[in-house]
$ cat coords.csv   # CSV, C-alpha atoms
chain,number,residue,atom,x,y,z
A,479,MET,CA,-7.8,-8.1,-10.3
A,480,ILE,CA,-9.8,-7.8,-7.1
A,481,GLU,CA,-11.8,-10.8,-6.2
A,482,SER,CA,-13.9,-9.7,-3.3
A,483,SER,CA,-17.1,-7.9,-4.3
A,484,VAL,CA,-17.1,-5.7,-1.2
A,485,VAL,CA,-13.7,-4.2,-2.1
A,486,SER,CA,-14.9,-3.7,-5.6
A,487,PHE,CA,-18.0,-1.9,-4.3
A,488,ILE,CA,-15.8,0.3,-2.1
A,489,ILE,CA,-13.5,1.2,-5.0
A,490,ASN,CA,-16.4,2.1,-7.3
A,491,ALA,CA,-18.2,4.1,-4.6
A,492,SER,CA,-14.9,6.0,-3.9
A,493,LEU,CA,-14.6,6.8,-7.6
A,494,VAL,CA,-18.2,8.1,-7.7
A,495,ILE,CA,-17.7,10.2,-4.5
A,496,LEU,CA,-14.4,11.7,-5.9
A,497,VAL,CA,-16.0,12.6,-9.2
A,498,LEU,CA,-19.0,14.2,-7.5
A,499,MET,CA,-16.6,16.4,-5.4
A,500,ILE,CA,-15.2,18.1,-8.6
A,501,PRO,CA,-18.4,20.2,-9.3
A,502,VAL,CA,-18.6,21.1,-5.6
A,503,SER,CA,-15.0,22.5,-5.7
A,504,PHE,CA,-15.8,24.2,-9.0
A,505,TYR,CA,-18.3,26.2,-7.1
A,506,ARG,CA,-15.4,27.9,-5.4
A,507,VAL,CA,-13.7,28.6,-8.8
A,508,TRP,CA,-17.0,30.1,-10.0
A,509,LYS,CA,-17.9,32.2,-6.9
A,510,GLY,CA,-14.4,33.0,-5.5
A,511,PRO,CA,-14.2,36.7,-4.5
A,512,LYS,CA,-10.6,37.0,-5.4
A,513,ALA,CA,-8.3,35.3,-7.9
A,514,ALA,CA,-6.5,33.4,-5.1
A,515,ASP,CA,-9.8,31.7,-4.2
A,516,ARG,CA,-10.1,30.5,-7.7
A,517,LEU,CA,-6.5,29.2,-7.7
A,518,VAL,CA,-7.2,27.3,-4.4
A,519,GLY,CA,-10.3,25.7,-6.1
A,520,VAL,CA,-8.3,24.7,-9.2
A,521,ASP,CA,-5.5,23.2,-7.0
A,522,MET,CA,-8.1,21.1,-5.2
A,523,ILE,CA,-9.6,19.9,-8.5
A,524,THR,CA,-6.2,18.7,-9.7
A,525,THR,CA,-5.6,17.0,-6.4
A,526,LEU,CA,-8.9,15.2,-6.8
A,527,LEU,CA,-8.0,14.2,-10.4
A,528,VAL,CA,-4.8,12.7,-9.3
A,529,GLY,CA,-6.7,10.6,-6.7
A,530,ILE,CA,-9.2,9.5,-9.4
A,531,VAL,CA,-6.4,8.4,-11.7
A,532,ILE,CA,-4.8,6.4,-8.9
A,533,LEU,CA,-8.1,4.6,-8.3
A,534,LEU,CA,-8.6,4.1,-12.0
A,535,SER,CA,-5.3,2.0,-12.1
A,536,LEU,CA,-7.1,-0.5,-9.9
A,537,THR,CA,-10.2,-0.9,-12.0
A,538,GLU,CA,-8.2,-0.8,-15.3
A,539,GLY,CA,-5.6,-3.2,-13.9
A,540,THR,CA,-2.7,-1.6,-15.7
A,541,ASN,CA,0.5,-0.2,-14.3
A,542,THR,CA,0.7,2.6,-16.9
A,543,THR,CA,-2.3,4.5,-15.6
A,544,ILE,CA,-0.2,5.8,-12.6
A,545,ASP,CA,2.1,7.6,-15.1
A,546,MET,CA,-0.8,9.8,-16.0
A,547,GLY,CA,-1.1,10.7,-12.3
A,548,ILE,CA,2.6,11.6,-12.1
A,549,VAL,CA,2.5,13.8,-15.2
A,550,LEU,CA,-0.8,15.4,-14.0
A,551,ALA,CA,0.8,16.2,-10.6
A,552,ALA,CA,3.9,17.7,-12.2
A,553,LEU,CA,1.9,19.9,-14.6
A,554,ALA,CA,-0.4,21.0,-11.7
A,555,PHE,CA,2.6,22.0,-9.7
A,556,ALA,CA,4.1,24.1,-12.5
A,557,ALA,CA,0.7,25.7,-13.2
A,558,THR,CA,0.1,26.5,-9.6
A,559,LEU,CA,3.5,28.1,-9.2
A,560,SER,CA,3.2,30.2,-12.3
A,561,ILE,CA,-0.3,31.4,-11.6
A,562,ALA,CA,0.6,32.3,-8.0
A,563,ARG,CA,3.5,34.3,-9.3
A,564,TYR,CA,1.2,36.1,-11.8
A,565,ILE,CA,-1.2,36.9,-9.0
A,566,SER,CA,1.4,38.3,-6.6
A,567,GLU,CA,3.6,40.2,-9.1
A,568,GLY,CA,1.5,40.8,-12.1
A,569,ARG,CA,3.8,38.9,-14.4
A,570,VAL,CA,5.0,35.4,-14.8
A,571,PHE,CA,8.6,35.8,-16.0
B,1377,MET,CA,-3.1,-12.9,4.5
B,1378,GLU,CA,-5.4,-12.2,1.5
B,1379,THR,CA,-8.3,-11.1,3.7
B,1380,LEU,CA,-6.0,-8.9,5.8
B,1381,GLN,CA,-4.6,-7.3,2.6
B,1382,LEU,CA,-8.2,-6.5,1.4
B,1383,ILE,CA,-9.2,-5.1,4.7
B,1384,PHE,CA,-6.2,-2.8,5.1
B,1385,GLY,CA,-6.3,-1.6,1.4
B,1386,SER,CA,-10.0,-0.7,1.7
B,1387,THR,CA,-9.4,1.1,5.0
B,1388,PHE,CA,-6.7,3.2,3.5
B,1389,ILE,CA,-8.7,4.0,0.4
B,1390,LEU,CA,-11.7,5.1,2.6
B,1391,PHE,CA,-9.3,7.2,4.7
B,1392,GLY,CA,-8.1,9.0,1.6
B,1393,VAL,CA,-11.6,9.5,0.2
B,1394,ILE,CA,-12.8,10.9,3.6
B,1395,PHE,CA,-9.9,13.3,3.8
B,1396,SER,CA,-10.5,14.5,0.2
B,1397,VAL,CA,-14.2,15.1,1.0
B,1398,LEU,CA,-13.2,17.0,4.1
B,1399,GLY,CA,-10.9,19.2,2.0
B,1400,VAL,CA,-13.7,20.1,-0.4
B,1401,VAL,CA,-16.1,20.9,2.5
B,1402,GLY,CA,-13.3,23.1,3.9
B,1403,ILE,CA,-12.9,25.2,0.7
B,1404,ILE,CA,-16.7,25.6,0.5
B,1405,ARG,CA,-17.5,26.4,4.2
B,1406,LEU,CA,-14.5,28.3,5.5
B,1407,PRO,CA,-14.8,32.1,5.6
B,1408,ASP,CA,-11.4,33.4,4.5
B,1409,THR,CA,-8.9,32.8,1.6
B,1410,LEU,CA,-6.1,31.7,4.0
B,1411,CYS,CA,-8.5,29.3,5.8
B,1412,ARG,CA,-9.5,27.7,2.5
B,1413,LEU,CA,-5.8,27.4,1.6
B,1414,HIS,CA,-5.2,25.7,5.0
B,1415,ALA,CA,-8.0,23.2,4.3
B,1416,THR,CA,-6.8,22.3,0.8
B,1417,GLY,CA,-3.1,22.2,1.6
B,1418,LYS,CA,-3.4,19.6,4.4
B,1419,THR,CA,-6.3,17.4,3.5
B,1420,GLY,CA,-5.6,17.2,-0.3
B,1421,THR,CA,-2.1,15.9,0.3
B,1422,LEU,CA,-3.2,13.5,3.0
B,1423,GLY,CA,-6.1,12.2,0.9
B,1424,VAL,CA,-3.9,11.4,-2.1
B,1425,LEU,CA,-1.3,9.7,0.2
B,1426,GLY,CA,-4.0,7.5,1.7
B,1427,LEU,CA,-5.2,6.5,-1.8
B,1428,CYS,CA,-1.5,5.7,-2.8
B,1429,VAL,CA,-1.0,3.5,0.3
B,1430,GLY,CA,-4.4,1.7,-0.2
B,1431,VAL,CA,-3.7,1.0,-3.9
B,1432,ALA,CA,-0.2,-0.2,-3.1
B,1433,ILE,CA,-1.5,-2.6,-0.5
B,1434,LEU,CA,-4.2,-4.0,-2.8
B,1435,GLU,CA,-1.9,-4.3,-5.8
B,1436,PRO,CA,1.8,-4.8,-4.6
B,1437,GLN,CA,3.3,-4.7,-8.1
B,1438,PHE,CA,2.1,-1.1,-8.5
B,1439,ALA,CA,4.1,0.0,-5.4
B,1440,GLY,CA,7.2,1.5,-7.3
B,1441,LYS,CA,5.3,4.0,-9.3
B,1442,LEU,CA,3.0,4.8,-6.4
B,1443,LEU,CA,6.1,5.5,-4.2
B,1444,ALA,CA,7.5,7.9,-6.9
B,1445,LEU,CA,4.1,9.7,-7.0
B,1446,ALA,CA,3.9,9.9,-3.2
B,1447,ILE,CA,7.4,11.3,-2.9
B,1448,PHE,CA,6.7,13.9,-5.6
B,1449,ILE,CA,3.4,15.0,-3.9
B,1450,ILE,CA,5.1,15.2,-0.5
B,1451,PHE,CA,7.8,17.5,-1.9
B,1452,SER,CA,5.6,19.6,-4.3
B,1453,ALA,CA,2.4,20.2,-2.3
B,1454,PRO,CA,3.9,22.4,0.5
B,1455,VAL,CA,5.8,24.5,-2.1
B,1456,ALA,CA,2.6,25.1,-4.1
B,1457,SER,CA,0.7,26.0,-0.9
B,1458,HIS,CA,3.5,28.4,0.2
B,1459,ALA,CA,3.4,30.1,-3.2
B,1460,ILE,CA,-0.4,30.6,-3.0
B,1461,GLY,CA,-0.1,31.9,0.5
B,1462,ALA,CA,2.6,34.4,-0.5
B,1463,ALA,CA,0.4,35.5,-3.5
B,1464,ILE,CA,-2.5,36.1,-1.1
B,1465,LEU,CA,-0.4,38.2,1.3
B,1466,ARG,CA,1.2,40.3,-1.5
B,1467,SER,CA,-2.0,40.8,-3.6
B,1468,SER,CA,-4.5,41.9,-1.0
B,1469,ASP,CA,-4.7,45.0,1.2
B,1470,GLU,CA,-5.6,43.4,4.5
B,1471,VAL,CA,-6.0,39.7,5.3
B,1472,SER,CA,-8.0,39.1,8.4
B,1473,GLY,CA,-6.2,41.6,10.7
B,1474,ILE,CA,-2.7,41.3,9.2
B,1475,PRO,CA,-1.6,44.6,7.8
B,1476,ALA,CA,-0.5,44.7,4.2
B,1477,GLY,CA,3.1,43.7,3.4
B,1478,ASP,CA,3.6,42.2,6.8
$ encode --input "coords.csv" --output "structure tokens"
Amino acid sequence: MIESSVVSFIINASLVILVLMIPVSFYRVWKGPKAADRLVGVDMITTLLVGIVILLSLTEGTNTTIDMGIVLAALAFAATLSIARYISEGRVF
Amino acid sequence: METLQLIFGSTFILFGVIFSVLGVVGIIRLPDTLCRLHATGKTGTLGVLGLCVGVAILEPQFAGKLLALAIFIIFSAPVASHAIGAAILRSSDEVSGIPAGD
């Protein structure tokens, strides 16, 4: 897929950095004083996961990996909206 | 052409990764819930968009699905951030000087 070794190294290093950022943002989910802090942390984790899936489509070389990213973004959007409504009003529906 | 493609793709991927790291640093270091929401709302979206542009430059046949993902993220991320902000304002008594229910 990618011939140049420098670009391959950049992609692999970016994957490692993005994966290492997930436990760092899980610290906010663990320590957050309020429920909204934990929701912000979970939102950041799903954003990082979408980025990781996009980069994995380069290393895998298949077009269908991006579909996982689209579905993950849609599910994260619905989950964030419902949890925010639960935090603000005490109920989802 | 090939070299220019590799250079621009790598630059956009590094742009996206740097913005994602800055967003994570923001939600760890900033003092308030609304400040953390500000950090993750801007830099998360910009990081994923940079990754989309970089991958679309490196592999041009992926550009259709990446364009769909980018459009969805552009429209959904501000709505999610607004929902979290409204939840913060309605659930807490006082947020950094703003009275409750304001």
$ closest_residue --input "coords.csv" --among "A:Ala554, A:Ile548, A:Ser486, A:Leu527" --to "chain B" --atoms "only C-alpha atoms"
A:Ile548
$ closest_residue --input "coords.csv" --among "A:Val497, A:Thr542, A:Thr537, A:Leu559" --to "chain B" --atoms "all atoms listed in the file"
A:Leu559
$ atom_distance --input "coords.csv" --atom1 "atom CA of A:Ser492" --atom2 "atom CA of A:Lys509"
26.5 Å
$ interface_residues --input "coords.csv" --of "chain B" --to "chain A" --cutoff "7 Å" --atoms "all atoms listed in the file" --output "PyMOL selection string"
chain B and resi 1382+1386+1393+1397+1400+1404+1409+1413+1416+1420+1424+1427-1428+1438+1441+1445+1452+1456+1459-1460+1463-1464+1466-1467
$ closest_residue --input "coords.csv" --among "B:Thr1379, B:Gly1440, B:Arg1405, B:Gly1423" --to "B:Gly1392" --atoms "all atoms listed in the file"
B:Gly1423
$ residues_around --input "coords.csv" --residues "B:Phe1384" --least-positions-apart "6" --cutoff "12 Å" --atoms "only C-alpha atoms" --output "list in words"
Val485 of chain A; Met1377, Glu1378, Leu1390, Phe1391, Gly1426, Leu1427, Val1429, Gly1430, Val1431, Ala1432, Ile1433, Leu1434 and Glu1435 of chain B
$ atom_distance --input "coords.csv" --atom1 "atom CA of A:Phe571" --atom2 "atom CA of B:Ser1457"
19.7 Å
$ atom_distance --input "coords.csv" --atom1 "atom CA of B:Thr1387" --atom2 "atom CA of A:Phe487"
13.0 Å
$ decode --input "coords.csv" --residues "stretch 1414-1430 of chain B" --atoms "all heavy atoms" --output "compact mmCIF listing (two decimals), in the first residue's frame"
# COMPACT_ATOMS: atom_id res chain seq x y z
N HIS B 1414 -14.78 22.40 26.35
CA HIS B 1414 -14.24 23.24 25.28
C HIS B 1414 -13.06 22.56 24.59
O HIS B 1414 -13.00 22.50 23.35
CB HIS B 1414 -13.81 24.58 25.89
CG HIS B 1414 -12.95 25.41 25.01
ND1 HIS B 1414 -13.44 26.14 23.97
CD2 HIS B 1414 -11.62 25.62 25.01
CE1 HIS B 1414 -12.45 26.76 23.38
NE2 HIS B 1414 -11.32 26.47 23.98
N ALA B 1415 -12.15 22.00 25.39
CA ALA B 1415 -10.97 21.34 24.81
C ALA B 1415 -11.36 20.15 23.94
O ALA B 1415 -10.94 20.04 22.78
CB ALA B 1415 -10.04 20.88 25.94
N THR B 1416 -12.22 19.26 24.47
CA THR B 1416 -12.55 18.06 23.69
C THR B 1416 -13.47 18.37 22.52
O THR B 1416 -13.44 17.65 21.52
CB THR B 1416 -13.18 17.00 24.60
OG1 THR B 1416 -13.45 15.85 23.83
CG2 THR B 1416 -14.44 17.48 25.23
N GLY B 1417 -14.27 19.43 22.61
CA GLY B 1417 -15.19 19.73 21.51
C GLY B 1417 -14.48 20.23 20.27
O GLY B 1417 -14.84 19.85 19.16
N LYS B 1418 -13.47 21.08 20.46
CA LYS B 1418 -12.79 21.63 19.29
C LYS B 1418 -11.74 20.66 18.75
O LYS B 1418 -11.74 20.31 17.58
CB LYS B 1418 -12.12 22.96 19.64
CG LYS B 1418 -12.97 24.16 19.42
CD LYS B 1418 -13.90 24.34 20.57
CE LYS B 1418 -14.71 25.60 20.44
NZ LYS B 1418 -15.65 25.71 21.57
N THR B 1419 -10.82 20.25 19.64
CA THR B 1419 -9.65 19.53 19.15
C THR B 1419 -9.97 18.11 18.72
O THR B 1419 -9.30 17.58 17.84
CB THR B 1419 -8.56 19.51 20.21
OG1 THR B 1419 -9.07 18.82 21.34
CG2 THR B 1419 -8.15 20.89 20.59
N GLY B 1420 -10.99 17.50 19.33
CA GLY B 1420 -11.36 16.16 18.89
C GLY B 1420 -11.85 16.16 17.45
O GLY B 1420 -11.40 15.35 16.63
N THR B 1421 -12.75 17.09 17.14
CA THR B 1421 -13.27 17.20 15.78
C THR B 1421 -12.16 17.52 14.78
O THR B 1421 -12.06 16.88 13.72
CB THR B 1421 -14.33 18.31 15.73
OG1 THR B 1421 -15.27 18.06 16.77
CG2 THR B 1421 -15.02 18.32 14.42
N LEU B 1422 -11.30 18.49 15.14
CA LEU B 1422 -10.24 18.89 14.21
C LEU B 1422 -9.23 17.77 14.01
O LEU B 1422 -8.72 17.58 12.89
CB LEU B 1422 -9.55 20.15 14.74
CG LEU B 1422 -8.87 21.04 13.72
CD1 LEU B 1422 -9.86 21.39 12.63
CD2 LEU B 1422 -8.37 22.29 14.38
N GLY B 1423 -8.95 16.99 15.08
CA GLY B 1423 -8.03 15.87 14.94
C GLY B 1423 -8.54 14.80 13.99
O GLY B 1423 -7.80 14.33 13.11
N VAL B 1424 -9.81 14.43 14.14
CA VAL B 1424 -10.36 13.39 13.27
C VAL B 1424 -10.46 13.90 11.83
O VAL B 1424 -10.21 13.14 10.88
CB VAL B 1424 -11.73 12.92 13.80
CG1 VAL B 1424 -12.39 11.97 12.84
CG2 VAL B 1424 -11.54 12.23 15.13
N LEU B 1425 -10.76 15.20 11.65
CA LEU B 1425 -10.82 15.73 10.28
C LEU B 1425 -9.44 15.73 9.64
O LEU B 1425 -9.30 15.43 8.44
CB LEU B 1425 -11.41 17.14 10.30
CG LEU B 1425 -12.91 17.22 10.52
CD1 LEU B 1425 -13.39 18.64 10.41
CD2 LEU B 1425 -13.63 16.35 9.53
N GLY B 1426 -8.39 16.06 10.43
CA GLY B 1426 -7.04 16.00 9.88
C GLY B 1426 -6.64 14.60 9.48
O GLY B 1426 -6.03 14.39 8.42
N LEU B 1427 -7.01 13.60 10.30
CA LEU B 1427 -6.73 12.21 9.95
C LEU B 1427 -7.47 11.80 8.68
O LEU B 1427 -6.92 11.11 7.82
CB LEU B 1427 -7.11 11.28 11.10
CG LEU B 1427 -6.21 11.33 12.33
CD1 LEU B 1427 -6.74 10.42 13.41
CD2 LEU B 1427 -4.81 10.94 11.97
N CYS B 1428 -8.75 12.25 8.54
CA CYS B 1428 -9.53 11.94 7.34
C CYS B 1428 -8.86 12.50 6.09
O CYS B 1428 -8.72 11.81 5.07
CB CYS B 1428 -10.94 12.51 7.46
SG CYS B 1428 -12.07 11.55 8.45
N VAL B 1429 -8.43 13.77 6.15
CA VAL B 1429 -7.80 14.40 4.99
C VAL B 1429 -6.48 13.71 4.65
O VAL B 1429 -6.18 13.46 3.47
CB VAL B 1429 -7.61 15.91 5.25
CG1 VAL B 1429 -6.82 16.56 4.14
CG2 VAL B 1429 -8.94 16.59 5.38
N GLY B 1430 -5.69 13.37 5.68
CA GLY B 1430 -4.42 12.71 5.42
C GLY B 1430 -4.57 11.34 4.78
O GLY B 1430 -3.88 11.01 3.80
